[in-house]
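data_17.cif follows; it contains mmCIF, C-alpha atoms and all ligand atoms.
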data_query
#
loop_
_atom_site.group_PDB
_atom_site.id
_atom_site.type_symbol
_atom_site.label_atom_id
_atom_site.label_comp_id
_atom_site.auth_asym_id
_atom_site.auth_seq_id
_atom_site.Cartn_x
_atom_site.Cartn_y
_atom_site.Cartn_z
ATOM 1 C CA MET A 11 0.000 0.000 0.000
ATOM 2 C CA ALA A 12 1.331 3.448 -0.905
ATOM 3 C CA THR A 13 1.759 5.922 1.968
ATOM 4 C CA LEU A 14 -1.412 7.601 3.159
ATOM 5 C CA GLU A 15 -1.394 10.496 5.615
ATOM 6 C CA PRO A 16 -4.088 10.523 8.332
ATOM 7 C CA THR A 17 -6.715 13.237 7.837
ATOM 8 C CA ARG A 18 -9.159 14.772 10.291
ATOM 9 C CA HIS A 19 -12.881 15.168 9.489
ATOM 10 C CA THR A 20 -16.046 16.526 11.118
ATOM 11 C CA LEU A 21 -19.344 14.603 11.159
ATOM 12 C CA SER A 22 -21.824 16.280 8.798
ATOM 13 C CA ASP A 23 -24.177 17.019 11.734
ATOM 14 C CA GLY A 24 -21.311 18.736 13.564
ATOM 15 C CA GLN A 25 -21.684 16.340 16.509
ATOM 16 C CA GLY A 26 -18.129 15.037 16.534
ATOM 17 C CA ALA A 27 -14.967 14.381 14.566
ATOM 18 C CA PHE A 28 -12.934 11.443 13.349
ATOM 19 C CA THR A 29 -9.652 10.513 11.722
ATOM 20 C CA ILE A 30 -9.242 8.575 8.498
ATOM 21 C CA ARG A 31 -6.071 6.543 8.201
ATOM 22 C CA ALA A 32 -4.715 3.250 6.957
ATOM 23 C CA ALA A 33 -5.552 0.374 9.291
ATOM 24 C CA THR A 34 -2.738 -1.419 11.097
ATOM 25 C CA PRO A 35 -2.818 -4.920 12.642
ATOM 26 C CA ASP A 36 -3.253 -3.343 16.097
ATOM 27 C CA ASP A 37 -6.649 -2.034 14.950
ATOM 28 C CA ALA A 38 -7.888 -5.621 14.594
ATOM 29 C CA PRO A 39 -10.092 -5.750 17.761
ATOM 30 C CA ALA A 40 -11.781 -2.407 16.995
ATOM 31 C CA MET A 41 -12.272 -3.422 13.368
ATOM 32 C CA LEU A 42 -13.881 -6.720 14.364
ATOM 33 C CA ASP A 43 -16.232 -4.806 16.639
ATOM 34 C CA ALA A 44 -17.204 -2.420 13.812
ATOM 35 C CA ALA A 45 -17.639 -5.300 11.365
ATOM 36 C CA ARG A 46 -19.920 -7.175 13.778
ATOM 37 C CA ASP A 47 -22.001 -4.009 14.233
ATOM 38 C CA ALA A 48 -22.327 -3.581 10.452
ATOM 39 C CA PHE A 49 -23.211 -7.235 9.737
ATOM 40 C CA ARG A 50 -25.744 -7.289 12.574
ATOM 41 C CA THR A 51 -27.520 -4.088 11.539
ATOM 42 C CA SER A 52 -27.470 -4.038 7.727
ATOM 43 C CA PRO A 53 -29.227 -6.474 5.397
ATOM 44 C CA PHE A 54 -27.151 -5.032 2.543
ATOM 45 C CA LEU A 55 -23.860 -6.804 3.250
ATOM 46 C CA LEU A 56 -22.890 -10.153 1.755
ATOM 47 C CA THR A 57 -21.830 -11.725 5.046
ATOM 48 C CA SER A 58 -24.573 -12.875 7.434
ATOM 49 C CA PRO A 59 -23.781 -12.172 11.117
ATOM 50 C CA ASP A 60 -23.438 -15.879 12.001
ATOM 51 C CA GLU A 61 -21.012 -16.380 9.120
ATOM 52 C CA PHE A 62 -18.594 -13.821 10.508
ATOM 53 C CA THR A 63 -16.270 -15.918 12.633
ATOM 54 C CA MET A 64 -12.977 -14.118 12.090
ATOM 55 C CA THR A 65 -10.716 -14.189 15.142
ATOM 56 C CA GLU A 66 -8.493 -11.337 16.272
ATOM 57 C CA SER A 67 -5.353 -13.057 15.034
ATOM 58 C CA GLU A 68 -6.957 -13.782 11.652
ATOM 59 C CA GLU A 69 -8.000 -10.143 11.378
ATOM 60 C CA ARG A 70 -4.470 -9.023 12.280
ATOM 61 C CA GLU A 71 -3.087 -11.219 9.529
ATOM 62 C CA PHE A 72 -5.695 -9.998 7.062
ATOM 63 C CA VAL A 73 -4.830 -6.332 7.733
ATOM 64 C CA ALA A 74 -1.098 -7.038 7.615
ATOM 65 C CA GLY A 75 -1.577 -8.720 4.236
ATOM 66 C CA ILE A 76 -3.375 -5.690 2.824
ATOM 67 C CA LEU A 77 -0.745 -3.316 4.238
ATOM 68 C CA ALA A 78 2.021 -5.345 2.636
ATOM 69 C CA HIS A 79 0.308 -5.415 -0.757
ATOM 70 C CA PRO A 80 1.246 -2.508 -3.038
ATOM 71 C CA ARG A 81 -2.157 -2.295 -4.724
ATOM 72 C CA GLN A 82 -4.549 -2.841 -1.820
ATOM 73 C CA LEU A 83 -6.013 -0.470 0.719
ATOM 74 C CA MET A 84 -7.751 -0.753 4.082
ATOM 75 C CA LEU A 85 -8.939 2.560 5.479
ATOM 76 C CA ILE A 86 -10.610 3.139 8.820
ATOM 77 C CA ALA A 87 -12.544 6.089 10.189
ATOM 78 C CA GLU A 88 -11.654 6.100 13.851
ATOM 79 C CA GLU A 89 -12.232 8.147 16.970
ATOM 80 C CA ALA A 90 -10.972 7.435 20.486
ATOM 81 C CA GLY A 91 -10.117 3.841 19.679
ATOM 82 C CA ARG A 92 -13.499 3.102 18.123
ATOM 83 C CA VAL A 93 -13.786 2.277 14.432
ATOM 84 C CA LEU A 94 -16.756 4.158 12.925
ATOM 85 C CA GLY A 95 -16.356 2.880 9.388
ATOM 86 C CA MET A 96 -14.089 0.980 7.029
ATOM 87 C CA LEU A 97 -13.318 0.949 3.327
ATOM 88 C CA ASP A 98 -11.214 -1.610 1.553
ATOM 89 C CA MET A 99 -9.976 -1.939 -1.994
ATOM 90 C CA ARG A 100 -8.672 -5.368 -2.875
ATOM 91 C CA GLN A 101 -7.386 -7.072 -5.973
ATOM 92 C CA ILE A 102 -9.743 -9.846 -6.962
ATOM 93 C CA SER A 103 -7.218 -11.653 -9.122
ATOM 94 C CA ILE A 104 -3.485 -12.157 -8.826
ATOM 95 C CA ARG A 105 -3.215 -12.232 -12.635
ATOM 96 C CA ARG A 106 -1.308 -9.443 -14.411
ATOM 97 C CA LYS A 107 -4.252 -8.744 -16.715
ATOM 98 C CA ALA A 108 -6.343 -7.656 -13.713
ATOM 99 C CA ARG A 109 -3.687 -5.754 -11.800
ATOM 100 C CA HIS A 110 -5.261 -2.377 -12.737
ATOM 101 C CA ARG A 111 -8.513 -3.311 -10.915
ATOM 102 C CA VAL A 112 -9.629 -3.197 -7.314
ATOM 103 C CA LEU A 113 -12.925 -4.300 -5.771
ATOM 104 C CA LEU A 114 -14.274 -1.817 -3.223
ATOM 105 C CA GLY A 115 -16.167 -2.694 -0.046
ATOM 106 C CA MET A 116 -17.295 -0.391 2.740
ATOM 107 C CA SER A 117 -19.405 -0.201 5.872
ATOM 108 C CA VAL A 118 -20.199 2.315 8.576
ATOM 109 C CA ARG A 119 -21.288 1.557 12.136
ATOM 110 C CA GLU A 120 -25.081 1.904 12.385
ATOM 111 C CA ALA A 121 -25.046 4.870 14.780
ATOM 112 C CA PHE A 122 -22.859 6.848 12.374
ATOM 113 C CA ARG A 123 -24.618 6.210 9.059
ATOM 114 C CA GLY A 124 -25.898 9.219 7.134
ATOM 115 C CA ARG A 125 -23.425 11.501 8.930
ATOM 116 C CA GLY A 126 -20.734 11.852 6.283
ATOM 117 C CA VAL A 127 -18.356 9.077 7.347
ATOM 118 C CA GLY A 128 -18.887 7.061 4.149
ATOM 119 C CA THR A 129 -18.375 10.151 1.989
ATOM 120 C CA ALA A 130 -15.104 10.975 3.751
ATOM 121 C CA LEU A 131 -13.872 7.369 3.407
ATOM 122 C CA MET A 132 -14.781 7.259 -0.268
ATOM 123 C CA SER A 133 -13.126 10.592 -0.937
ATOM 124 C CA ARG A 134 -9.838 9.381 0.577
ATOM 125 C CA GLY A 135 -10.108 5.988 -1.131
ATOM 126 C CA VAL A 136 -10.760 7.396 -4.601
ATOM 127 C CA HIS A 137 -7.963 9.919 -4.133
ATOM 128 C CA TRP A 138 -5.581 7.072 -3.210
ATOM 129 C CA ALA A 139 -6.593 5.029 -6.261
ATOM 130 C CA ARG A 140 -6.267 8.034 -8.595
ATOM 131 C CA ALA A 141 -2.761 8.712 -7.312
ATOM 132 C CA HIS A 142 -1.761 5.074 -7.747
ATOM 133 C CA PRO A 143 0.268 4.542 -10.916
ATOM 134 C CA ASP A 144 -0.966 0.964 -11.460
ATOM 135 C CA LEU A 145 -4.695 1.362 -10.775
ATOM 136 C CA SER A 146 -7.262 2.595 -13.276
ATOM 137 C CA LEU A 147 -10.524 0.843 -12.367
ATOM 138 C CA ILE A 148 -12.588 0.480 -9.188
ATOM 139 C CA THR A 149 -15.538 -1.919 -9.199
ATOM 140 C CA LEU A 150 -18.136 -2.732 -6.562
ATOM 141 C CA GLU A 151 -21.305 -4.734 -6.071
ATOM 142 C CA VAL A 152 -24.319 -3.335 -4.294
ATOM 143 C CA TYR A 153 -27.919 -4.334 -3.584
ATOM 144 C CA ALA A 154 -30.186 -2.511 -6.054
ATOM 145 C CA ALA A 155 -32.354 -1.643 -3.023
ATOM 146 C CA ASN A 156 -29.469 0.036 -1.178
ATOM 147 C CA THR A 157 -30.374 3.587 -2.174
ATOM 148 C CA ARG A 158 -28.142 5.243 0.388
ATOM 149 C CA ALA A 159 -25.041 3.446 -0.857
ATOM 150 C CA ILE A 160 -25.945 3.945 -4.531
ATOM 151 C CA THR A 161 -26.547 7.670 -3.902
ATOM 152 C CA LEU A 162 -23.048 7.926 -2.482
ATOM 153 C CA TYR A 163 -21.403 5.900 -5.259
ATOM 154 C CA LYS A 164 -23.100 7.933 -8.002
ATOM 155 C CA ARG A 165 -22.001 11.154 -6.333
ATOM 156 C CA PHE A 166 -18.400 9.983 -6.806
ATOM 157 C CA GLY A 167 -19.043 9.179 -10.468
ATOM 158 C CA PHE A 168 -19.553 5.412 -10.232
ATOM 159 C CA LEU A 169 -21.596 4.121 -13.169
ATOM 160 C CA PRO A 170 -23.881 1.073 -13.125
ATOM 161 C CA LYS A 171 -22.553 -1.757 -15.269
ATOM 162 C CA GLY A 172 -25.621 -3.948 -15.018
ATOM 163 C CA THR A 173 -28.074 -5.677 -12.722
ATOM 164 C CA LEU A 174 -27.982 -9.338 -11.766
ATOM 165 C CA PRO A 175 -31.618 -10.204 -11.026
ATOM 166 C CA GLY A 176 -31.888 -12.323 -7.888
ATOM 167 C CA GLY A 177 -28.135 -12.139 -7.367
ATOM 168 C CA LEU A 178 -28.577 -12.664 -3.636
ATOM 169 C CA VAL A 179 -31.071 -14.841 -1.778
ATOM 170 C CA HIS A 180 -31.810 -14.389 1.923
ATOM 171 C CA ASP A 181 -32.585 -17.160 4.426
ATOM 172 C CA ASP A 182 -36.299 -16.310 4.153
ATOM 173 C CA GLY A 183 -36.169 -17.127 0.436
ATOM 174 C CA SER A 184 -36.452 -13.523 -0.770
ATOM 175 C CA ALA A 185 -34.405 -12.767 -3.889
ATOM 176 C CA TRP A 186 -32.553 -9.457 -4.240
ATOM 177 C CA ASP A 187 -31.128 -7.801 -7.332
ATOM 178 C CA GLN A 188 -27.474 -6.854 -7.315
ATOM 179 C CA VAL A 189 -25.911 -3.990 -9.279
ATOM 180 C CA GLU A 190 -22.293 -3.877 -10.353
ATOM 181 C CA MET A 191 -20.799 -0.393 -10.577
ATOM 182 C CA TYR A 192 -17.450 0.911 -11.753
ATOM 183 C CA LEU A 193 -15.342 4.049 -11.691
ATOM 184 C CA ARG A 194 -12.380 4.797 -13.949
ATOM 185 C CA VAL A 195 -9.586 6.499 -12.034
HETATM 186 C C1 LIG A 201 -23.633 2.754 2.609
HETATM 187 C C2 LIG A 201 -22.763 3.420 3.666
HETATM 188 C C3 LIG A 201 -21.350 2.866 3.593
HETATM 189 C C4 LIG A 201 -22.726 4.935 3.384
HETATM 190 O O1 LIG A 201 -21.976 5.576 4.389
HETATM 191 P P1 LIG A 201 -22.634 6.787 5.212
HETATM 192 O O2 LIG A 201 -21.630 7.279 6.173
HETATM 193 O O3 LIG A 201 -23.949 6.359 5.745
HETATM 194 O O4 LIG A 201 -22.825 7.830 4.003
HETATM 195 P P2 LIG A 201 -22.860 9.427 4.029
HETATM 196 O O5 LIG A 201 -23.535 9.892 5.255
HETATM 197 O O6 LIG A 201 -21.490 9.936 3.775
HETATM 198 O O7 LIG A 201 -23.709 9.711 2.700
HETATM 199 C C5 LIG A 201 -24.879 9.002 2.416
HETATM 200 C C6 LIG A 201 -25.657 9.674 1.312
HETATM 201 O O8 LIG A 201 -26.914 9.026 1.201
HETATM 202 C C7 LIG A 201 -27.951 9.928 1.551
HETATM 203 N N1 LIG A 201 -28.881 9.169 2.362
HETATM 204 C C8 LIG A 201 -28.912 9.040 3.699
HETATM 205 N N2 LIG A 201 -29.897 8.210 4.057
HETATM 206 C C9 LIG A 201 -30.506 7.816 2.920
HETATM 207 C C10 LIG A 201 -31.565 6.944 2.634
HETATM 208 N N3 LIG A 201 -32.235 6.296 3.600
HETATM 209 N N4 LIG A 201 -31.899 6.754 1.337
HETATM 210 C C11 LIG A 201 -31.239 7.387 0.355
HETATM 211 N N5 LIG A 201 -30.199 8.211 0.578
HETATM 212 C C12 LIG A 201 -29.848 8.429 1.839
HETATM 213 C C13 LIG A 201 -27.311 11.016 2.320
HETATM 214 O O9 LIG A 201 -28.115 12.170 2.204
HETATM 215 C C14 LIG A 201 -25.983 11.110 1.639
HETATM 216 O O10 LIG A 201 -26.063 11.774 0.405
HETATM 217 P P3 LIG A 201 -25.801 13.363 0.305
HETATM 218 O O11 LIG A 201 -24.489 13.617 0.984
HETATM 219 O O12 LIG A 201 -25.784 13.605 -1.173
HETATM 220 O O13 LIG A 201 -26.912 14.004 1.028
HETATM 221 C C15 LIG A 201 -23.351 3.198 5.110
HETATM 222 O O14 LIG A 201 -24.624 3.776 5.200
HETATM 223 C C16 LIG A 201 -23.412 1.726 5.500
HETATM 224 O O15 LIG A 201 -22.451 1.173 6.009
HETATM 225 N N6 LIG A 201 -24.572 1.088 5.279
HETATM 226 C C17 LIG A 201 -24.739 -0.315 5.647
HETATM 227 C C18 LIG A 201 -23.755 -1.241 4.924
HETATM 228 C C19 LIG A 201 -23.728 -0.982 3.437
HETATM 229 O O16 LIG A 201 -24.766 -0.791 2.824
HETATM 230 N N7 LIG A 201 -22.513 -0.986 2.858
HETATM 231 C C20 LIG A 201 -22.346 -0.823 1.416
HETATM 232 C C21 LIG A 201 -22.380 -2.143 0.773
HETATM 233 S S1 LIG A 201 -22.205 -2.014 -1.000
#
Please render this file's structure as structure tokens.
Amino acid sequence: MATLEPTRHTLSDGQGAFTIRAATPDDAPAMLDAARDAFRTSPFLLTSPDEFTMTESEEREFVAGILAHPRQLMLIAEEAGRVLGMLDMRQISIRRKARHRVLLGMSVREAFRGRGVGTALMSRGVHWARAHPDLSLITLEVYAANTRAITLYKRFGFLPKGTLPGGLVHDDGSAWDQVEMYLRV
């Protein structure tokens, strides 16, 4: 991962501030806590809460792996030791032909959604990708029903590539359409 300076941000409702910086392995416990919050409270993430069994040492290793990779990014929005949100960009293939591409994922702790954390994370993430000499394409997958996320992605210029009808099926049998989006950087 290329160097990324921490930046300070204010919540859009003015009720607090946070720092955005690259995650380090020592952030693992706070990141697990934020991930559990996100999986428990949002139906719009791929992982179901009971499927999330990552241990602290696995999370440490995962973060260390991203840090060591020149074309991957793991950003956290953090305040007083608590992770408010996370954004990662990962290479989906180790093949040279796909080395210009990263797949983006992000989540914000429920109590902080709609307060500008996601926008700040995306702004830093897109800036990082644009400055990266090897990267030229960011892709992501999102529930078609996830209007808040799609609003944010469109604001940054992401374009819809297409919809996969019934791309995701919940335990109750309901089928949900999935949209793939992309941004050239
Ligand atoms: C999607 C997510 C990452 C966005 O982060 P966030 O911090 O909530 O986003 P922000 O507050 O920066 O911006 C959200 C935008 O959606 C708008 N918005 C807020 N609530 C909304 C709603 N219910 N419906 C539509 N738009 C909404 C906001 O007004 C804002 O747009 P604006 O700045 O143009 O006004 C976050 O809400 C989240 O983690 N959700 C649950 C998990 C998830 O969906 N992750 C994405 C998977 S692809």
Legend entry - Spatial neighbours of Gly95 (chain A), max dist 6 Å, all atoms listed in the file, sep filter under 3 positions, as a list of chain:residue names: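 Counting all atoms listed in the file, the residues come to A:Ile86, A:Ala87, A:Ser117, A:Val118, A:Arg119.
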Legend entry - Polymer residues at most 12 Å from Asp43 (chain A), all atoms listed in the file, same-chain spacing of 3 or more positions, as a PyMOL selection string: chain A and resi 37-40+46-50+59+62-66+69+91-96+118-120
Selection from above, C-alpha atoms, as an mmCIF file, keeping the file's coordinate frame, can you write it?
data_model
loop_
_atom_site.group_PDB
_atom_site.id
_atom_site.type_symbol
_atom_site.label_atom_id
_atom_site.label_comp_id
_atom_site.auth_asym_id
_atom_site.auth_seq_id
_atom_site.Cartn_x
_atom_site.Cartn_y
_atom_site.Cartn_z
ATOM 1 C CA ASP A 37 -6.649 -2.034 14.950
ATOM 2 C CA ALA A 38 -7.888 -5.621 14.594
ATOM 3 C CA PRO A 39 -10.092 -5.750 17.761
ATOM 4 C CA ALA A 40 -11.781 -2.407 16.995
ATOM 5 C CA ARG A 46 -19.920 -7.175 13.778
ATOM 6 C CA ASP A 47 -22.001 -4.009 14.233
ATOM 7 C CA ALA A 48 -22.327 -3.581 10.452
ATOM 8 C CA PHE A 49 -23.211 -7.235 9.737
ATOM 9 C CA ARG A 50 -25.744 -7.289 12.574
ATOM 10 C CA PRO A 59 -23.781 -12.172 11.117
ATOM 11 C CA PHE A 62 -18.594 -13.821 10.508
ATOM 12 C CA THR A 63 -16.270 -15.918 12.633
ATOM 13 C CA MET A 64 -12.977 -14.118 12.090
ATOM 14 C CA THR A 65 -10.716 -14.189 15.142
ATOM 15 C CA GLU A 66 -8.493 -11.337 16.272
ATOM 16 C CA GLU A 69 -8.000 -10.143 11.378
ATOM 17 C CA GLY A 91 -10.117 3.841 19.679
ATOM 18 C CA ARG A 92 -13.499 3.102 18.123
ATOM 19 C CA VAL A 93 -13.786 2.277 14.432
ATOM 20 C CA LEU A 94 -16.756 4.158 12.925
ATOM 21 C CA GLY A 95 -16.356 2.880 9.388
ATOM 22 C CA MET A 96 -14.089 0.980 7.029
ATOM 23 C CA VAL A 118 -20.199 2.315 8.576
ATOM 24 C CA ARG A 119 -21.288 1.557 12.136
ATOM 25 C CA GLU A 120 -25.081 1.904 12.385
#
Legend entry - Counting all atoms listed in the file, the option among A:Arg158, A:Arg140, A:Arg106, A:Arg70 closest to ligand LIG 201 (chain A):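 That would be A:Arg158, the residue with the smallest distance to ligand LIG 201 (chain A).
The space between CA of Leu131 (chain A) and CA of Asp187 (chain A) spans 25.4 Å.
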Inset, instruction - Within 6 Å of ligand LIG 201 (chain A), which residues show up when you count all atoms listed in the file? List them as a ChimeraX atom specification, please. - result: /A:52,54-55,116-118,123-129,151-152,157-159,161-162
Inset, instruction - Please write the residues picked by the PyMOL selection byres (((chain A and resi 136) around 12) and not hetatm) on this file as a ChimeraX atom specification. - result: /A:83,85,97-99,112-114,128-135,137-142,145-149,163,165-168,192-195
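Across the structure, CA of Lys107 (chain A) and CA of Gly176 (chain A) are spaced 29.2 Å apart.
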Legend entry - Distance query 8 Å from (-5.6, -4.5, -5.2) using all atoms listed in the file, result as a PyMOL selection string: chain A and resi 79-83+99-102+109-113
Inset, instruction - Would you mind listing what lies within 7 Å of Trp186 (chain A) as a VMD selection string, with all atoms listed in the file counted and same-chain residues fewer than 2 positions away left out? - result: chain A and resid 153 175 to 179 184 188
Inset, instruction - Determine the residue membership of the PyMOL selection byres (((chain A and resi 18-20) around 10) and not hetatm) for the file above and supply it as a PyMOL selection string. - result: chain A and resi 16-17+21-31+87-89+125-127+130-131
Complete region 31-53 of chain A with N, CA and C atoms (output as a CSV table (one decimal), keeping the file's coordinate frame).
chain,number,residue,atom,x,y,z
A,31,ARG,N,-7.5,7.0,8.4
A,31,ARG,CA,-6.1,6.5,8.2
A,31,ARG,C,-6.1,5.1,7.8
A,32,ALA,N,-4.9,4.7,7.3
A,32,ALA,CA,-4.7,3.2,7.0
A,32,ALA,C,-4.8,2.4,8.2
A,33,ALA,N,-5.5,1.3,8.1
A,33,ALA,CA,-5.6,0.4,9.3
A,33,ALA,C,-4.2,-0.3,9.5
A,34,THR,N,-3.9,-0.6,10.8
A,34,THR,CA,-2.7,-1.4,11.1
A,34,THR,C,-3.2,-2.7,11.8
A,35,PRO,N,-2.4,-3.7,11.9
A,35,PRO,CA,-2.8,-4.9,12.6
A,35,PRO,C,-3.3,-4.7,14.1
A,36,ASP,N,-2.8,-3.6,14.7
A,36,ASP,CA,-3.3,-3.3,16.1
A,36,ASP,C,-4.7,-2.9,16.1
A,37,ASP,N,-5.2,-2.5,15.0
A,37,ASP,CA,-6.6,-2.0,15.0
A,37,ASP,C,-7.6,-3.2,14.9
A,38,ALA,N,-7.1,-4.4,14.8
A,38,ALA,CA,-7.9,-5.6,14.6
A,38,ALA,C,-9.1,-5.7,15.6
A,39,PRO,N,-8.9,-5.6,16.9
A,39,PRO,CA,-10.1,-5.8,17.8
A,39,PRO,C,-11.2,-4.7,17.5
A,40,ALA,N,-10.8,-3.5,17.3
A,40,ALA,CA,-11.8,-2.4,17.0
A,40,ALA,C,-12.4,-2.6,15.6
A,41,MET,N,-11.7,-3.2,14.7
A,41,MET,CA,-12.3,-3.4,13.4
A,41,MET,C,-13.3,-4.6,13.4
A,42,LEU,N,-12.9,-5.6,14.2
A,42,LEU,CA,-13.9,-6.7,14.4
A,42,LEU,C,-15.2,-6.2,15.0
A,43,ASP,N,-15.1,-5.3,16.0
A,43,ASP,CA,-16.2,-4.8,16.6
A,43,ASP,C,-17.1,-4.0,15.6
A,44,ALA,N,-16.5,-3.2,14.8
A,44,ALA,CA,-17.2,-2.4,13.8
A,44,ALA,C,-17.8,-3.3,12.8
A,45,ALA,N,-17.1,-4.4,12.4
A,45,ALA,CA,-17.6,-5.3,11.4
A,45,ALA,C,-18.9,-6.0,11.9
A,46,ARG,N,-18.8,-6.5,13.2
A,46,ARG,CA,-19.9,-7.2,13.8
A,46,ARG,C,-21.1,-6.3,13.8
A,47,ASP,N,-20.9,-5.0,14.2
A,47,ASP,CA,-22.0,-4.0,14.2
A,47,ASP,C,-22.6,-3.9,12.9
A,48,ALA,N,-21.8,-3.8,11.8
A,48,ALA,CA,-22.3,-3.6,10.5
A,48,ALA,C,-23.1,-4.8,10.0
A,49,PHE,N,-22.5,-6.0,10.2
A,49,PHE,CA,-23.2,-7.2,9.7
A,49,PHE,C,-24.5,-7.5,10.5
A,50,ARG,N,-24.5,-7.1,11.8
A,50,ARG,CA,-25.7,-7.3,12.6
A,50,ARG,C,-26.9,-6.3,12.2
A,51,THR,N,-26.5,-5.1,11.7
A,51,THR,CA,-27.5,-4.1,11.5
A,51,THR,C,-27.9,-3.8,10.1
A,52,SER,N,-27.1,-4.3,9.1
A,52,SER,CA,-27.5,-4.0,7.7
A,52,SER,C,-27.8,-5.3,7.0
A,53,PRO,N,-28.9,-5.3,6.2
A,53,PRO,CA,-29.2,-6.5,5.4
A,53,PRO,C,-28.5,-6.4,4.1
